[in-house]
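Asker: Below is the file entry.cif, which contains mmCIF, C-alpha atoms.
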data_my_file
#
loop_
_atom_site.label_atom_id
_atom_site.label_comp_id
_atom_site.auth_asym_id
_atom_site.auth_seq_id
_atom_site.Cartn_x
_atom_site.Cartn_y
_atom_site.Cartn_z
CA MET V 907 177.89 88.17 -37.56
CA ALA V 908 180.27 90.23 -35.42
CA THR V 909 182.74 88.21 -33.33
CA PRO V 910 185.82 89.22 -31.31
CA SER V 911 188.13 86.92 -33.30
CA TRP V 912 186.86 87.27 -36.86
CA VAL V 913 186.22 89.98 -39.44
CA SER V 914 182.99 89.40 -41.40
CA PHE V 915 182.65 90.00 -45.14
CA TYR V 916 179.20 89.61 -46.71
CA ALA V 917 178.17 89.39 -50.35
CA ARG V 918 177.50 92.89 -51.71
CA GLY V 919 174.61 92.39 -54.11
CA THR V 920 171.04 93.59 -53.75
CA GLY V 921 168.95 91.67 -51.23
CA ARG V 922 169.79 89.55 -48.24
CA PRO V 923 173.34 88.13 -48.60
CA ARG V 924 173.64 84.39 -49.08
CA SER V 925 177.40 84.03 -48.67
CA LEU V 926 179.97 85.10 -46.12
CA ILE V 927 183.70 84.92 -45.48
CA LEU V 928 185.21 85.24 -41.99
CA VAL V 929 188.86 86.28 -41.65
CA ASN V 930 190.83 85.70 -38.46
CA LYS V 931 191.89 89.00 -36.89
CA ASN V 932 195.45 87.68 -36.48
CA ILE V 933 195.87 88.07 -40.25
CA LYS V 934 197.12 91.53 -41.17
CA SER V 935 194.26 93.62 -42.48
CA ASP V 936 196.40 95.15 -45.23
CA SER V 937 197.11 91.69 -46.68
CA TYR V 938 193.58 91.23 -48.05
CA ARG V 939 190.71 93.18 -49.57
CA GLN V 940 187.17 92.45 -50.71
CA ALA V 941 186.53 92.25 -54.44
CA LYS V 942 183.41 94.13 -55.56
CA VAL V 943 181.21 91.35 -56.92
CA ASP V 944 177.67 92.56 -57.68
CA SER V 945 175.98 89.50 -56.23
CA ARG V 946 174.30 88.41 -53.03
CA ASN V 947 175.45 84.84 -53.76
CA VAL V 948 179.20 85.42 -54.08
CA THR V 949 181.65 86.86 -51.56
CA SER V 950 185.20 87.33 -52.83
CA LEU V 951 188.42 88.33 -51.07
CA ILE V 952 191.88 88.77 -52.56
CA PHE V 953 194.71 87.73 -50.23
CA LYS V 954 198.31 88.83 -50.66
CA PHE V 955 200.81 86.17 -49.57
CA PRO V 956 204.62 86.48 -49.67
CA GLN V 957 204.78 84.04 -52.61
CA VAL V 958 201.55 84.73 -54.47
CA SER V 959 198.17 86.43 -54.28
CA LEU V 960 194.96 84.39 -54.17
CA GLN V 961 191.33 85.25 -54.89
CA ILE V 962 188.93 83.27 -52.69
CA CYS V 963 185.24 83.08 -53.60
CA SER V 964 182.54 81.80 -51.26
CA ILE V 965 179.60 80.79 -53.46
CA TYR V 966 175.97 79.88 -52.89
CA ASN V 967 173.82 78.73 -55.79
CA LYS V 968 170.06 78.55 -55.39
CA PRO V 969 168.73 75.06 -56.23
CA GLY V 970 167.56 74.66 -59.82
CA THR V 971 169.22 77.88 -60.99
CA ASN V 972 172.51 79.23 -62.32
CA GLU V 973 172.38 82.52 -60.42
CA HIS V 974 175.96 82.22 -59.20
CA TYR V 975 177.17 81.42 -62.72
CA ASP V 976 175.55 84.46 -64.30
CA GLU V 977 176.82 86.85 -61.62
CA LEU V 978 180.32 85.39 -61.30
CA SER V 979 180.72 85.08 -65.06
CA ARG V 980 179.77 88.73 -65.52
CA HIS V 981 182.16 89.84 -62.76
CA LEU V 982 185.11 87.87 -64.16
CA PHE V 983 184.41 89.12 -67.69
CA LEU V 984 184.45 92.75 -66.49
CA ASN V 985 187.31 92.15 -64.03
CA PRO V 986 189.64 89.53 -65.53
CA PRO V 987 191.33 87.69 -62.64
CA GLU V 988 194.96 88.63 -62.05
CA HIS V 989 195.57 85.92 -59.45
CA PRO V 990 194.94 82.20 -58.94
CA MET V 991 191.48 81.45 -57.55
CA LEU V 992 189.85 79.19 -54.99
CA TRP V 993 186.09 78.65 -55.16
CA HIS V 994 184.16 76.90 -52.42
CA GLY V 995 180.56 76.75 -51.33
CA ASP V 996 177.14 75.22 -51.83
CA PHE V 997 176.80 74.83 -55.59
CA ASN V 998 173.64 72.67 -55.33
CA LYS V 999 174.93 70.37 -58.06
CA ARG V 1000 174.12 66.82 -57.02
CA VAL V 1001 176.50 63.87 -57.00
CA TRP V 1002 179.65 65.24 -58.60
CA ALA V 1003 181.06 61.94 -59.74
CA GLY V 1004 184.55 63.01 -60.77
CA ASN V 1005 186.53 63.67 -63.94
CA ASN V 1006 184.62 66.96 -64.14
CA LEU V 1007 181.45 65.05 -65.05
CA PRO V 1008 178.47 65.73 -62.77
CA ALA V 1009 175.75 63.13 -62.49
CA SER V 1010 172.07 63.44 -61.51
CA THR V 1011 172.08 67.11 -62.49
CA PRO V 1012 170.28 68.40 -65.60
CA ALA V 1013 172.78 68.88 -68.41
CA ASP V 1014 171.87 72.52 -69.00
CA GLU V 1015 172.53 73.36 -65.33
CA ALA V 1016 175.81 71.46 -65.16
CA MET V 1017 177.14 72.76 -68.48
CA ALA V 1018 177.17 76.40 -67.37
CA LEU V 1019 179.40 75.58 -64.41
CA LEU V 1020 181.62 73.27 -66.47
CA GLN V 1021 182.18 75.98 -69.07
CA LEU V 1022 183.10 78.51 -66.40
CA LEU V 1023 185.56 76.09 -64.78
CA ALA V 1024 187.16 75.33 -68.14
CA GLU V 1025 187.35 78.99 -69.15
CA TYR V 1026 189.27 79.95 -66.01
CA GLY V 1027 191.24 76.73 -65.57
CA LEU V 1028 189.86 75.46 -62.26
CA ASP V 1029 190.11 71.89 -60.98
CA LEU V 1030 188.00 70.03 -58.43
CA VAL V 1031 190.17 69.52 -55.33
CA LEU V 1032 187.58 68.07 -52.95
CA ARG V 1033 187.72 64.34 -53.63
CA ALA V 1034 185.18 63.40 -56.30
CA GLY V 1035 182.04 61.92 -54.81
CA THR V 1036 182.60 63.35 -51.31
CA LEU V 1037 179.23 63.48 -49.55
CA THR V 1038 178.69 66.84 -47.89
CA HIS V 1039 174.94 67.32 -47.40
CA GLU V 1040 172.26 65.21 -45.70
CA SER V 1041 168.66 65.79 -46.76
CA ALA V 1042 166.59 66.40 -43.64
CA ALA V 1043 163.46 65.08 -45.35
CA HIS V 1044 164.84 61.93 -47.00
CA LYS V 1045 168.01 61.25 -44.94
CA THR V 1046 169.96 60.83 -48.17
CA TRP V 1047 173.41 62.25 -48.85
CA ASN V 1048 174.50 64.47 -51.75
CA THR V 1049 177.59 66.24 -53.04
CA LEU V 1050 176.24 69.79 -53.04
CA ASP V 1051 179.35 71.47 -51.61
CA LEU V 1052 182.40 71.69 -53.86
CA VAL V 1053 185.91 73.15 -53.79
CA PHE V 1054 187.86 74.23 -56.90
CA THR V 1055 191.27 75.86 -57.34
CA SER V 1056 193.19 77.21 -60.29
CA SER V 1057 195.19 74.39 -61.80
CA ASP V 1058 198.52 76.18 -61.27
CA ILE V 1059 198.10 76.13 -57.46
CA SER V 1060 196.41 72.74 -57.04
CA ASP V 1061 199.72 71.33 -55.76
CA SER V 1062 199.55 73.86 -52.90
CA VAL V 1063 196.41 72.17 -51.52
CA ILE V 1064 197.74 69.76 -48.91
CA PHE V 1065 194.37 68.83 -47.40
CA CYS V 1066 190.75 69.15 -48.49
CA ASP V 1067 188.08 66.97 -46.91
CA THR V 1068 184.96 66.96 -44.77
CA LEU V 1069 185.13 66.87 -40.96
CA PRO V 1070 182.04 64.87 -39.90
CA ASP V 1071 183.00 64.99 -36.22
CA LEU V 1072 182.71 68.79 -36.27
CA ARG V 1073 179.23 68.88 -37.78
CA LEU V 1074 177.15 71.51 -35.99
CA PRO V 1075 173.91 70.52 -34.25
CA LYS V 1076 170.91 70.58 -36.64
CA SER V 1077 173.18 71.43 -39.58
CA ASP V 1078 172.52 69.53 -42.81
CA HIS V 1079 175.98 70.33 -44.25
CA LEU V 1080 179.35 68.94 -43.16
CA PRO V 1081 182.21 71.39 -42.59
CA ILE V 1082 185.03 71.19 -45.13
CA LEU V 1083 188.61 71.91 -44.12
CA GLU V 1084 190.98 73.22 -46.77
CA ILE V 1085 194.69 73.63 -46.00
CA LEU V 1086 196.90 75.44 -48.51
CA ASP V 1087 200.66 75.71 -48.29
CA PHE V 1088 200.89 79.51 -48.24
CA GLU V 1089 202.60 81.69 -45.66
CA LEU V 1090 200.24 84.16 -43.97
CA LEU V 1091 201.10 87.73 -43.07
CA ARG V 1092 200.18 87.84 -39.38
CA VAL V 1093 199.62 90.69 -36.98
CA PRO V 1094 202.82 91.07 -34.89
CA ASP V 1095 202.51 89.34 -31.53
CA THR V 1096 203.05 92.38 -29.28
CA PRO V 1097 203.36 91.53 -25.55
CA LYS V 1098 200.55 93.10 -23.51
CA PRO V 1099 200.98 94.90 -20.16
CA ASN V 1100 200.44 92.71 -17.09
CA PHE V 1101 198.82 95.08 -14.60
CA ARG V 1102 198.36 92.29 -12.05
CA ALA V 1103 202.12 92.09 -11.58
CA VAL V 1104 202.66 95.84 -10.99
CA ASP V 1105 204.37 97.11 -7.83
CA TRP V 1106 201.87 99.92 -7.34
CA ASP V 1107 203.92 101.73 -4.68
CA LYS V 1108 206.81 102.11 -7.13
CA PHE V 1109 204.41 102.96 -9.95
CA ASN V 1110 202.71 105.75 -7.97
CA LYS V 1111 206.04 107.17 -6.78
CA ALA V 1112 207.37 107.22 -10.36
CA LEU V 1113 204.21 108.93 -11.60
CA ALA V 1114 204.43 111.51 -8.80
CA VAL V 1115 208.05 112.28 -9.73
CA SER V 1116 207.04 112.77 -13.38
CA LEU V 1117 204.16 115.06 -12.39
CA ALA V 1118 206.46 117.11 -10.17
CA ALA V 1119 209.05 117.45 -12.92
CA ASP V 1120 206.46 118.39 -15.55
CA PRO V 1121 203.38 119.85 -13.78
CA ILE V 1122 200.06 119.66 -15.58
CA SER V 1123 197.76 122.64 -15.42
CA THR V 1124 194.44 122.05 -13.67
CA ASP V 1125 193.06 125.40 -14.80
CA ILE V 1126 190.52 124.21 -17.37
CA ASN V 1127 188.30 126.88 -18.91
CA SER V 1128 187.59 125.49 -22.36
CA SER V 1129 187.46 122.30 -24.38
CA ASP V 1130 190.94 123.08 -25.73
CA ASP V 1131 192.27 123.27 -22.16
CA ASP V 1132 190.56 119.96 -21.43
CA ASP V 1133 192.22 118.30 -24.46
CA THR V 1134 195.63 119.73 -23.54
CA THR V 1135 195.37 118.42 -19.98
CA TYR V 1136 194.14 115.02 -21.15
CA PHE V 1137 196.97 114.47 -23.64
CA ALA V 1138 199.63 115.68 -21.19
CA LEU V 1139 198.39 113.33 -18.47
CA ASP V 1140 198.05 110.43 -20.91
CA LYS V 1141 201.65 110.95 -22.07
CA LEU V 1142 202.94 110.74 -18.48
CA LEU V 1143 200.80 107.68 -17.76
CA GLN V 1144 201.97 105.85 -20.89
CA HIS V 1145 205.61 106.60 -20.05
CA THR V 1146 205.15 105.28 -16.51
CA ILE V 1147 203.35 102.17 -17.79
CA ALA V 1148 206.13 101.50 -20.30
CA THR V 1149 208.82 101.67 -17.60
CA HIS V 1150 207.07 100.11 -14.57
CA VAL V 1151 204.52 97.59 -15.90
CA PRO V 1152 205.86 94.14 -16.86
CA ARG V 1153 204.68 92.46 -20.05
CA PHE V 1154 202.99 89.12 -20.56
CA LYS V 1155 205.19 86.51 -22.17
CA SER V 1156 203.32 84.90 -25.07
CA SER V 1157 202.69 81.21 -24.60
CA PRO V 1158 203.50 79.00 -27.60
CA TYR V 1159 200.20 77.23 -26.85
CA ALA V 1160 198.05 80.37 -26.87
CA LYS V 1161 195.31 80.58 -29.50
CA ARG V 1162 196.13 82.80 -32.44
#
Written as structure tokens, that's how I'd like the structure from this file.

Answerer:
Amino acid sequence: MATPSWVSFYARGTGRPRSLILVNKNIKSDSYRQAKVDSRNVTSLIFKFPQVSLQICSIYNKPGTNEHYDELSRHLFLNPPEHPMLWHGDFNKRVWAGNNLPASTPADEAMALLQLLAEYGLDLVLRAGTLTHESAAHKTWNTLDLVFTSSDISDSVIFCDTLPDLRLPKSDHLPILEILDFELLRVPDTPKPNFRAVDWDKFNKALAVSLAADPISTDINSSDDDDTTYFALDKLLQHTIATHVPRFKSSPYAKR
């Protein structure tokens, strides 16, 4: 899923991936990395914030199984987490009633997840009983999608709820918005050149003066000569652009 605004990270296990995390390209690429989870059901990224680092896991669990539990449990055992965690995804555990007690789910299925949550100190932060999935066949609602965070950062979650108005056409799941009070490391907002506003007469005269002062050889007999000519011309062009092309002023209302 390549897009101009997002970086895609897929689960790395064998087989077709079942989970995905998209990261906005405005976030500095050196402020996060993908954790190597051997699973096609779990995608995990570790983000570095000014105050704290955070491991985010996007999880899919096949109905009637504990695939995600087995794979995530093995990964965390071999790679003990060094940072607080946030888990979200389609756990396929029906009607999570609250107080960490799932209902309408076989006890053996629910217990595996409960033990993992207790072992790593995670709390449910999506309001208990929040309906997130509509069965296409029966038109009934369930609580299949869940969000958990480490207990020591639960106070940093300032919003976590479904957005029914943003439900995609033909989708059986509601989107869930999570807002955490962490400062992001963003890509610097560098003003871009505005070529539409260039006075081309002045630009061409300035470029001609630069070429006259530092002539570029047009005697090209080899690939090395070609490279030398290219880099020399590019240097003059970039200098002229820097001095004679105005820059866009960033709008405070522009999308980031």

Asker: Can you spell out as a PyMOL selection string the set of residues that the PyMOL selection byres ((chain V and resi 1083) around 7) selects in the structure I just provided?

Answerer: chain V and resi 1066-1069+1081-1082+1084-1085

Asker: Ranking V:Phe997, V:Phe915, V:Phe1154, V:Phe955 by minimum distance to Asp1051 in chain V and counting all atoms listed in the file, which one comes first?

Answerer: V:Phe997

Asker: Using all atoms listed in the file, which protein or nucleic acid residues come within 8 Å of range 956-965 of chain V? Drop anything in the same chain fewer than 2 positions from it, and give the result as a list in words.

Answerer: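 In the requested form, the answer reads Ser925, Leu926, Ile927, Asn947, Val948, Thr949, Ser950, Leu951, Ile952, Phe953, Lys954, Asn967, His974, His989, Pro990, Met991, Leu992, Trp993, His994, Gly995, Asp996, Phe997, Phe1088, Glu1089, Leu1090 and Leu1091 of chain V.
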
Asker: Check what the PyMOL selection byres ((chain V and resi 913) around 8) selects in the file above and give those residues as a list in words.

Answerer: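 Taken on the displayed file, the PyMOL selection byres ((chain V and resi 913) around 8) yields the residues Ala908, Thr909, Ser911, Trp912, Ser914, Phe915, Leu928, Val929, Asn930 and Lys931 of chain V.
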
Asker: Do you have the CA of Ala1034 in chain V-CA of Pro986 in chain V distance handy?

Answerer: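 Atom-to-atom, CA of Ala1034 in chain V and CA of Pro986 in chain V are spaced 28.1 Å apart.
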
Asker: One number please: CA of Ser945 in chain V to CA of Gly970 in chain V, in Å, one decimal.

Answerer: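 Interatomic distance here is 17.4 Å.
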
Asker: Could you check the closest approach to Trp1106 in chain V for each of V:Pro1152, V:Gly1035, V:Pro1121, V:Pro1070 and tell me which residue wins, using all atoms listed in the file?

Answerer: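 Going through V:Pro1152, V:Gly1035, V:Pro1121, V:Pro1070 one by one, the smallest distance to Trp1106 in chain V is for V:Pro1152.
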
Asker: Separation of CA of Asp1133 in chain V and CA of Pro1097 in chain V, in Å?

Answerer: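 It comes out at 29.0 Å.
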